[in-house]
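The next block is entry_28.cif, given as mmCIF, N, CA, C and O atoms.
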data_entry
loop_
_atom_site.label_atom_id
_atom_site.label_comp_id
_atom_site.auth_asym_id
_atom_site.auth_seq_id
_atom_site.Cartn_x
_atom_site.Cartn_y
_atom_site.Cartn_z
N MET A 282 19.70 -3.01 -11.66
CA MET A 282 20.35 -2.23 -10.62
C MET A 282 21.68 -1.72 -11.18
O MET A 282 22.35 -2.39 -11.95
N ASN A 283 22.05 -0.55 -10.75
CA ASN A 283 23.29 0.05 -11.18
C ASN A 283 24.46 -0.88 -10.88
O ASN A 283 24.52 -1.51 -9.83
N ASP A 284 25.43 -0.93 -11.80
CA ASP A 284 26.58 -1.82 -11.68
C ASP A 284 27.33 -1.62 -10.36
O ASP A 284 27.73 -2.59 -9.72
N ILE A 285 27.55 -0.39 -9.95
CA ILE A 285 28.30 -0.15 -8.72
C ILE A 285 27.53 -0.68 -7.51
O ILE A 285 28.13 -1.20 -6.56
N LEU A 286 26.21 -0.58 -7.53
CA LEU A 286 25.42 -1.12 -6.42
C LEU A 286 25.50 -2.64 -6.39
O LEU A 286 25.56 -3.25 -5.32
N GLN A 287 25.50 -3.26 -7.56
CA GLN A 287 25.63 -4.72 -7.63
C GLN A 287 26.98 -5.15 -7.07
O GLN A 287 27.07 -6.12 -6.31
N LYS A 288 28.04 -4.44 -7.45
CA LYS A 288 29.37 -4.78 -6.95
C LYS A 288 29.45 -4.58 -5.44
O LYS A 288 30.01 -5.42 -4.73
N LEU A 289 28.89 -3.48 -4.95
CA LEU A 289 28.91 -3.22 -3.52
C LEU A 289 28.13 -4.28 -2.77
O LEU A 289 28.58 -4.78 -1.73
N GLU A 290 26.98 -4.65 -3.28
CA GLU A 290 26.17 -5.67 -2.63
C GLU A 290 26.93 -7.00 -2.56
O GLU A 290 26.93 -7.67 -1.52
N ALA A 291 27.59 -7.37 -3.64
CA ALA A 291 28.38 -8.61 -3.66
C ALA A 291 29.53 -8.53 -2.66
O ALA A 291 29.81 -9.51 -1.94
N THR A 292 30.18 -7.40 -2.59
CA THR A 292 31.29 -7.22 -1.65
C THR A 292 30.80 -7.33 -0.21
O THR A 292 31.43 -8.00 0.63
N ILE A 293 29.68 -6.69 0.09
CA ILE A 293 29.11 -6.76 1.44
C ILE A 293 28.79 -8.20 1.80
O ILE A 293 29.14 -8.68 2.89
N ARG A 294 28.14 -8.91 0.90
CA ARG A 294 27.78 -10.31 1.19
C ARG A 294 29.03 -11.17 1.39
O ARG A 294 29.06 -12.04 2.26
N GLU A 295 30.05 -10.92 0.60
CA GLU A 295 31.30 -11.67 0.71
C GLU A 295 32.00 -11.38 2.04
O GLU A 295 32.51 -12.29 2.70
N ARG A 296 32.01 -10.15 2.45
CA ARG A 296 32.76 -9.75 3.65
C ARG A 296 32.03 -10.05 4.95
O ARG A 296 32.64 -9.97 6.02
N ARG A 297 30.78 -10.40 4.88
CA ARG A 297 30.03 -10.71 6.10
C ARG A 297 30.68 -11.85 6.87
O ARG A 297 30.64 -11.90 8.08
N GLY A 298 31.30 -12.77 6.13
CA GLY A 298 31.91 -13.94 6.77
C GLY A 298 33.39 -13.77 7.08
O GLY A 298 34.03 -14.71 7.55
N ALA A 299 33.92 -12.60 6.85
CA ALA A 299 35.35 -12.36 7.09
C ALA A 299 35.63 -12.20 8.58
O ALA A 299 34.71 -12.14 9.41
N ASP A 300 36.89 -12.11 8.91
CA ASP A 300 37.31 -11.87 10.30
C ASP A 300 36.94 -10.42 10.65
O ASP A 300 37.32 -9.50 9.94
N PRO A 301 36.21 -10.22 11.74
CA PRO A 301 35.82 -8.86 12.13
C PRO A 301 37.00 -7.91 12.34
O PRO A 301 36.84 -6.70 12.23
N LYS A 302 38.19 -8.43 12.60
CA LYS A 302 39.38 -7.58 12.74
C LYS A 302 39.83 -7.03 11.39
O LYS A 302 40.53 -6.02 11.34
N ASP A 303 39.42 -7.70 10.31
CA ASP A 303 39.87 -7.33 8.97
C ASP A 303 38.81 -6.66 8.12
O ASP A 303 39.12 -6.16 7.04
N SER A 304 37.57 -6.67 8.56
CA SER A 304 36.47 -6.18 7.72
C SER A 304 35.47 -5.39 8.56
O SER A 304 34.96 -5.90 9.57
N TYR A 305 35.19 -4.18 8.10
CA TYR A 305 34.18 -3.35 8.78
C TYR A 305 32.81 -4.02 8.71
O TYR A 305 32.07 -4.04 9.70
N VAL A 306 32.48 -4.59 7.56
CA VAL A 306 31.18 -5.27 7.40
C VAL A 306 31.09 -6.42 8.40
O VAL A 306 30.08 -6.58 9.09
N ALA A 307 32.13 -7.23 8.49
CA ALA A 307 32.13 -8.36 9.43
C ALA A 307 32.06 -7.87 10.87
O ALA A 307 31.40 -8.50 11.71
N SER A 308 32.72 -6.74 11.17
CA SER A 308 32.66 -6.22 12.54
C SER A 308 31.26 -5.75 12.89
O SER A 308 30.80 -5.95 14.03
N LEU A 309 30.56 -5.16 11.93
CA LEU A 309 29.17 -4.78 12.18
C LEU A 309 28.30 -6.01 12.40
O LEU A 309 27.47 -6.05 13.31
N ARG A 310 28.52 -7.02 11.58
CA ARG A 310 27.73 -8.25 11.71
C ARG A 310 27.96 -8.89 13.07
O ARG A 310 27.02 -9.37 13.71
N ALA A 311 29.21 -8.88 13.53
CA ALA A 311 29.53 -9.47 14.82
C ALA A 311 28.84 -8.73 15.97
O ALA A 311 28.53 -9.34 16.99
N LYS A 312 28.58 -7.45 15.78
CA LYS A 312 27.93 -6.65 16.82
C LYS A 312 26.41 -6.81 16.81
O LYS A 312 25.72 -6.38 17.73
N GLY A 313 25.88 -7.37 15.72
CA GLY A 313 24.45 -7.65 15.66
C GLY A 313 23.64 -6.62 14.89
O GLY A 313 24.09 -5.53 14.60
N ARG A 314 22.43 -7.02 14.60
CA ARG A 314 21.53 -6.21 13.78
C ARG A 314 21.19 -4.87 14.43
O ARG A 314 21.07 -3.85 13.75
N ALA A 315 21.05 -4.85 15.74
CA ALA A 315 20.73 -3.58 16.41
C ALA A 315 21.84 -2.56 16.15
O ALA A 315 21.55 -1.37 15.93
N LYS A 316 23.09 -2.98 16.19
CA LYS A 316 24.20 -2.06 15.93
C LYS A 316 24.18 -1.60 14.47
O LYS A 316 24.45 -0.43 14.18
N MET A 317 23.86 -2.52 13.56
CA MET A 317 23.75 -2.14 12.15
C MET A 317 22.68 -1.08 11.97
O MET A 317 22.88 -0.10 11.25
N ALA A 318 21.55 -1.29 12.61
CA ALA A 318 20.45 -0.33 12.51
C ALA A 318 20.84 1.01 13.14
O ALA A 318 20.52 2.08 12.60
N GLU A 319 21.56 0.95 14.25
CA GLU A 319 22.03 2.18 14.90
C GLU A 319 22.95 2.96 13.98
O GLU A 319 22.83 4.19 13.85
N LYS A 320 23.87 2.27 13.31
CA LYS A 320 24.79 2.93 12.38
C LYS A 320 24.03 3.57 11.23
O LYS A 320 24.34 4.69 10.80
N LEU A 321 23.02 2.88 10.70
CA LEU A 321 22.20 3.45 9.64
C LEU A 321 21.53 4.72 10.13
O LEU A 321 21.51 5.74 9.43
N GLY A 322 21.00 4.69 11.32
CA GLY A 322 20.36 5.87 11.89
C GLY A 322 21.32 7.02 12.07
O GLY A 322 20.99 8.17 11.75
N GLU A 323 22.52 6.73 12.55
CA GLU A 323 23.54 7.78 12.71
C GLU A 323 23.87 8.44 11.38
O GLU A 323 23.96 9.66 11.28
N GLU A 324 24.03 7.61 10.36
CA GLU A 324 24.37 8.15 9.04
C GLU A 324 23.21 8.96 8.47
O GLU A 324 23.42 10.00 7.83
N ALA A 325 21.98 8.53 8.73
CA ALA A 325 20.81 9.27 8.26
C ALA A 325 20.75 10.64 8.92
O ALA A 325 20.46 11.65 8.26
N VAL A 326 21.03 10.69 10.22
CA VAL A 326 21.04 11.98 10.93
C VAL A 326 22.12 12.89 10.35
O VAL A 326 21.88 14.09 10.14
N GLU A 327 23.29 12.33 10.08
CA GLU A 327 24.36 13.14 9.49
C GLU A 327 23.96 13.67 8.11
O GLU A 327 24.29 14.81 7.76
N ALA A 328 23.22 12.88 7.35
CA ALA A 328 22.73 13.33 6.04
C ALA A 328 21.72 14.47 6.21
O ALA A 328 21.74 15.45 5.46
N VAL A 329 20.86 14.36 7.20
CA VAL A 329 19.88 15.41 7.48
C VAL A 329 20.61 16.71 7.83
O VAL A 329 20.26 17.79 7.33
N ILE A 330 21.62 16.61 8.66
CA ILE A 330 22.38 17.80 9.05
C ILE A 330 23.04 18.44 7.83
O ILE A 330 22.98 19.66 7.65
N ALA A 331 23.64 17.62 6.98
CA ALA A 331 24.27 18.15 5.76
C ALA A 331 23.24 18.84 4.87
O ALA A 331 23.52 19.89 4.28
N ALA A 332 22.05 18.27 4.78
CA ALA A 332 20.99 18.86 3.95
C ALA A 332 20.55 20.21 4.52
O ALA A 332 20.40 21.18 3.77
N VAL A 333 20.35 20.26 5.82
CA VAL A 333 19.92 21.50 6.46
C VAL A 333 20.98 22.58 6.30
O VAL A 333 20.67 23.75 6.12
N GLN A 334 22.24 22.17 6.32
CA GLN A 334 23.34 23.12 6.15
C GLN A 334 23.61 23.45 4.68
O GLN A 334 24.50 24.23 4.38
N ASP A 335 22.85 22.82 3.77
CA ASP A 335 23.00 23.01 2.33
C ASP A 335 24.44 22.75 1.87
O ASP A 335 24.98 23.43 1.01
N ASP A 336 25.04 21.71 2.46
CA ASP A 336 26.42 21.33 2.13
C ASP A 336 26.39 20.15 1.16
O ASP A 336 26.29 18.99 1.57
N LYS A 337 26.44 20.46 -0.12
CA LYS A 337 26.28 19.43 -1.14
C LYS A 337 27.40 18.39 -1.11
O LYS A 337 27.15 17.20 -1.28
N ALA A 338 28.63 18.84 -0.90
CA ALA A 338 29.75 17.89 -0.85
C ALA A 338 29.58 16.92 0.32
O ALA A 338 29.74 15.70 0.17
N LYS A 339 29.25 17.47 1.48
CA LYS A 339 29.06 16.61 2.66
C LYS A 339 27.84 15.71 2.47
O LYS A 339 27.86 14.54 2.84
N MET A 340 26.79 16.24 1.88
CA MET A 340 25.59 15.45 1.64
C MET A 340 25.89 14.26 0.74
O MET A 340 25.38 13.15 0.97
N THR A 341 26.71 14.46 -0.26
CA THR A 341 27.06 13.36 -1.16
C THR A 341 27.73 12.23 -0.39
O THR A 341 27.37 11.05 -0.54
N GLY A 342 28.68 12.58 0.45
CA GLY A 342 29.36 11.57 1.26
C GLY A 342 28.43 10.89 2.25
O GLY A 342 28.47 9.66 2.42
N GLU A 343 27.61 11.68 2.90
CA GLU A 343 26.67 11.11 3.87
C GLU A 343 25.63 10.22 3.19
O GLU A 343 25.24 9.18 3.73
N ALA A 344 25.18 10.62 2.01
CA ALA A 344 24.22 9.79 1.27
C ALA A 344 24.86 8.44 0.92
O ALA A 344 24.20 7.39 1.01
N ALA A 345 26.13 8.47 0.52
CA ALA A 345 26.84 7.21 0.24
C ALA A 345 26.91 6.34 1.49
O ALA A 345 26.72 5.12 1.42
N ASP A 346 27.18 6.98 2.64
CA ASP A 346 27.22 6.23 3.90
C ASP A 346 25.86 5.62 4.23
O ASP A 346 25.78 4.48 4.70
N VAL A 347 24.79 6.37 3.99
CA VAL A 347 23.44 5.85 4.24
C VAL A 347 23.17 4.64 3.37
O VAL A 347 22.69 3.60 3.85
N VAL A 348 23.47 4.74 2.09
CA VAL A 348 23.23 3.62 1.16
C VAL A 348 24.05 2.41 1.59
O VAL A 348 23.53 1.28 1.64
N PHE A 349 25.32 2.62 1.91
CA PHE A 349 26.18 1.51 2.34
C PHE A 349 25.61 0.82 3.57
O PHE A 349 25.45 -0.40 3.59
N HIS A 350 25.29 1.59 4.60
CA HIS A 350 24.80 0.98 5.83
C HIS A 350 23.42 0.34 5.65
O HIS A 350 23.11 -0.67 6.28
N LEU A 351 22.60 0.91 4.77
CA LEU A 351 21.32 0.28 4.43
C LEU A 351 21.57 -1.08 3.78
O LEU A 351 20.92 -2.07 4.12
N MET A 352 22.52 -1.13 2.88
CA MET A 352 22.81 -2.40 2.20
C MET A 352 23.38 -3.44 3.15
O MET A 352 23.08 -4.63 3.02
N VAL A 353 24.16 -3.02 4.13
CA VAL A 353 24.66 -3.95 5.15
C VAL A 353 23.49 -4.53 5.94
O VAL A 353 23.42 -5.75 6.17
N LEU A 354 22.57 -3.68 6.33
CA LEU A 354 21.39 -4.12 7.09
C LEU A 354 20.49 -5.02 6.24
O LEU A 354 19.99 -6.04 6.71
N LEU A 355 20.28 -4.64 4.99
CA LEU A 355 19.48 -5.49 4.09
C LEU A 355 20.08 -6.88 3.96
O LEU A 355 19.37 -7.88 4.03
N ALA A 356 21.40 -6.95 3.78
CA ALA A 356 22.08 -8.24 3.65
C ALA A 356 21.87 -9.09 4.90
O ALA A 356 21.65 -10.30 4.82
N ASP A 357 21.92 -8.45 6.07
CA ASP A 357 21.71 -9.18 7.31
C ASP A 357 20.30 -9.75 7.40
O ASP A 357 20.08 -10.77 8.06
N MET A 358 19.37 -9.10 6.73
CA MET A 358 17.98 -9.56 6.73
C MET A 358 17.65 -10.42 5.52
O MET A 358 16.50 -10.74 5.26
N ASP A 359 18.71 -10.81 4.78
CA ASP A 359 18.57 -11.62 3.57
C ASP A 359 17.66 -10.93 2.54
O ASP A 359 16.84 -11.56 1.89
N LEU A 360 17.83 -9.62 2.44
CA LEU A 360 17.15 -8.81 1.44
C LEU A 360 18.22 -8.18 0.56
O LEU A 360 19.40 -8.17 0.91
N SER A 361 17.79 -7.63 -0.57
CA SER A 361 18.73 -7.01 -1.49
C SER A 361 18.16 -5.69 -2.02
O SER A 361 16.99 -5.38 -1.81
N MET A 362 19.02 -4.96 -2.71
CA MET A 362 18.55 -3.73 -3.36
C MET A 362 17.51 -4.06 -4.42
O MET A 362 16.61 -3.26 -4.66
N ASP A 363 17.58 -5.24 -5.02
CA ASP A 363 16.55 -5.64 -5.97
C ASP A 363 15.18 -5.71 -5.30
O ASP A 363 14.17 -5.34 -5.89
N ASP A 364 15.15 -6.16 -4.04
CA ASP A 364 13.89 -6.18 -3.29
C ASP A 364 13.36 -4.76 -3.10
O ASP A 364 12.16 -4.50 -3.24
N VAL A 365 14.27 -3.84 -2.76
CA VAL A 365 13.88 -2.44 -2.57
C VAL A 365 13.40 -1.83 -3.89
O VAL A 365 12.37 -1.15 -3.93
N LEU A 366 14.13 -2.11 -4.96
CA LEU A 366 13.75 -1.58 -6.26
C LEU A 366 12.41 -2.15 -6.72
O LEU A 366 11.60 -1.43 -7.33
N ALA A 367 12.15 -3.41 -6.42
CA ALA A 367 10.85 -4.01 -6.77
C ALA A 367 9.72 -3.30 -6.03
O ALA A 367 8.64 -3.07 -6.59
N GLU A 368 9.96 -2.95 -4.77
CA GLU A 368 8.94 -2.22 -4.01
C GLU A 368 8.73 -0.83 -4.58
O GLU A 368 7.58 -0.36 -4.69
N LEU A 369 9.81 -0.17 -4.97
CA LEU A 369 9.66 1.15 -5.60
C LEU A 369 8.90 1.03 -6.92
O LEU A 369 8.04 1.87 -7.23
N ALA A 370 9.18 -0.01 -7.69
CA ALA A 370 8.46 -0.23 -8.95
C ALA A 370 6.98 -0.47 -8.69
O ALA A 370 6.12 0.02 -9.43
N ARG A 371 6.68 -1.22 -7.63
CA ARG A 371 5.27 -1.48 -7.29
C ARG A 371 4.54 -0.18 -6.97
O ARG A 371 3.38 -0.01 -7.32
N ARG A 372 5.25 0.74 -6.35
CA ARG A 372 4.64 2.02 -5.96
C ARG A 372 4.59 3.03 -7.09
O ARG A 372 3.91 4.05 -6.96
N GLU A 373 5.28 2.78 -8.17
CA GLU A 373 5.36 3.75 -9.26
C GLU A 373 3.96 4.09 -9.77
O GLU A 373 3.12 3.23 -9.98
N GLY A 374 3.73 5.36 -9.92
CA GLY A 374 2.45 5.83 -10.42
C GLY A 374 1.40 6.05 -9.35
O GLY A 374 0.33 6.56 -9.64
N LEU A 375 1.71 5.64 -8.12
CA LEU A 375 0.78 5.86 -7.02
C LEU A 375 1.09 7.19 -6.35
O LEU A 375 2.25 7.56 -6.19
N SER A 376 0.08 7.88 -5.97
CA SER A 376 0.27 9.07 -5.15
C SER A 376 0.86 8.62 -3.82
O SER A 376 0.45 7.59 -3.27
N GLY A 377 1.82 9.36 -3.31
CA GLY A 377 2.39 9.02 -2.01
C GLY A 377 1.35 8.99 -0.91
O GLY A 377 1.39 8.16 -0.01
N ILE A 378 0.39 9.86 -0.99
CA ILE A 378 -0.68 9.90 0.00
C ILE A 378 -1.54 8.65 -0.10
O ILE A 378 -1.88 8.02 0.89
N THR A 379 -1.88 8.25 -1.34
CA THR A 379 -2.69 7.06 -1.56
C THR A 379 -1.94 5.81 -1.11
O THR A 379 -2.50 4.94 -0.44
N GLU A 380 -0.66 5.74 -1.46
CA GLU A 380 0.15 4.58 -1.11
C GLU A 380 0.26 4.45 0.41
O GLU A 380 0.07 3.37 0.96
N LYS A 381 0.51 5.53 1.10
CA LYS A 381 0.64 5.49 2.55
C LYS A 381 -0.68 5.08 3.21
O LYS A 381 -0.69 4.31 4.15
N ALA A 382 -1.80 5.57 2.69
CA ALA A 382 -3.11 5.23 3.24
C ALA A 382 -3.43 3.74 3.08
O ALA A 382 -4.15 3.16 3.88
N ALA A 383 -2.87 3.12 2.05
CA ALA A 383 -3.14 1.71 1.77
C ALA A 383 -2.30 0.76 2.62
O ALA A 383 -2.59 -0.44 2.68
N ARG A 384 -1.28 1.27 3.30
CA ARG A 384 -0.42 0.40 4.14
C ARG A 384 -1.21 -0.14 5.31
O ARG A 384 -2.07 0.54 5.86
N LYS A 385 -0.85 -1.33 5.69
CA LYS A 385 -1.53 -1.98 6.81
C LYS A 385 -0.85 -1.68 8.14
O LYS A 385 -1.37 -2.02 9.19
N ASP A 386 0.34 -1.06 8.11
CA ASP A 386 1.07 -0.80 9.36
C ASP A 386 0.91 0.58 9.86
O ASP A 386 0.39 1.47 9.42
#
Could you quickly redo this structure as structure tokens?
Amino acid sequence: MNDILQKLEATIRERRGADPKDSYVASLRAKGRAKMAEKLGEEAVEAVIAAVQDDKAKMTGEAADVVFHLMVLLADMDLSMDDVLAELARREGLSGITEKAARKD
């Protein structure tokens, strides 16, 4: 995993136990998983809007927000970016259509 992602993941995990008044990550955790998921959704919508508007600078920032909030949610579920990367590696070489058809959900 990219070094910056490793550092960010470690920081998120460390800050989960901080005082919610002092840490955004801790404040999200205090509000619960549903709020974390809501924030991820909000950031994803903002990224979609930036993409539709063809605003590369805004898209870069929104993409960073999406990754950050995804990592906060993953940490809450005791998952990591390594878990996500392992899933991507498992799918490598598969047609997206074939992979989706093979899902049980």
Decode the PyMOL selection byres (((chain A and resi 345-351 and name CA) around 6) and name CA) for the given file into explicit residues and return them as a VMD selection string. chain A and resid 321 324 to 325 342 to 344 352 to 354
Expand the PyMOL selection byres (((chain A and resi 293-307 and name CA) around 9) and name CA) into the individual residues it matches in the shown file, reporting them as an MDAnalysis selection string. chainID A and resid 288:292 308:312 349 352:353 356:357
Per DSSP on the backbone, filter chain A down to the residues in helix (DSSP H, G or I) and report them as number ranges by chain. A: 284-296, 305-312, 314-333, 337-357, 362-372, 377-383
Point-to-point distance in Å for atom N of Lys320 (chain A) and atom N of Ala332 (chain A): 18.2 Å
Using only the atoms of region 348-362 of chain A listed in the file, plus 5 Å on each side, state the axis-aligned box centre and edge lengths in Å rounded to one decimal, as AutoDock Vina command-line options.
--center_x 21.3 --center_y -3.4 --center_z 1.7 --size_x 19.7 --size_y 26.4 --size_z 22.7
Distance CA of Asp359 (chain A)-CA of Arg314 (chain A), one decimal place?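 Between these atoms lies a distance of 11.9 Å.
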Enter the distance from atom N of Asp363 (chain A) to CA of Met317 (chain A), in Å, rounded to one decimal. 18.5 Å
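Distances here use only N, CA, C and O atoms; by that measure, the residue among A:Val365, A:Met340, A:Ala315, A:Ile378 closest to Glu327 (chain A) is A:Met340.
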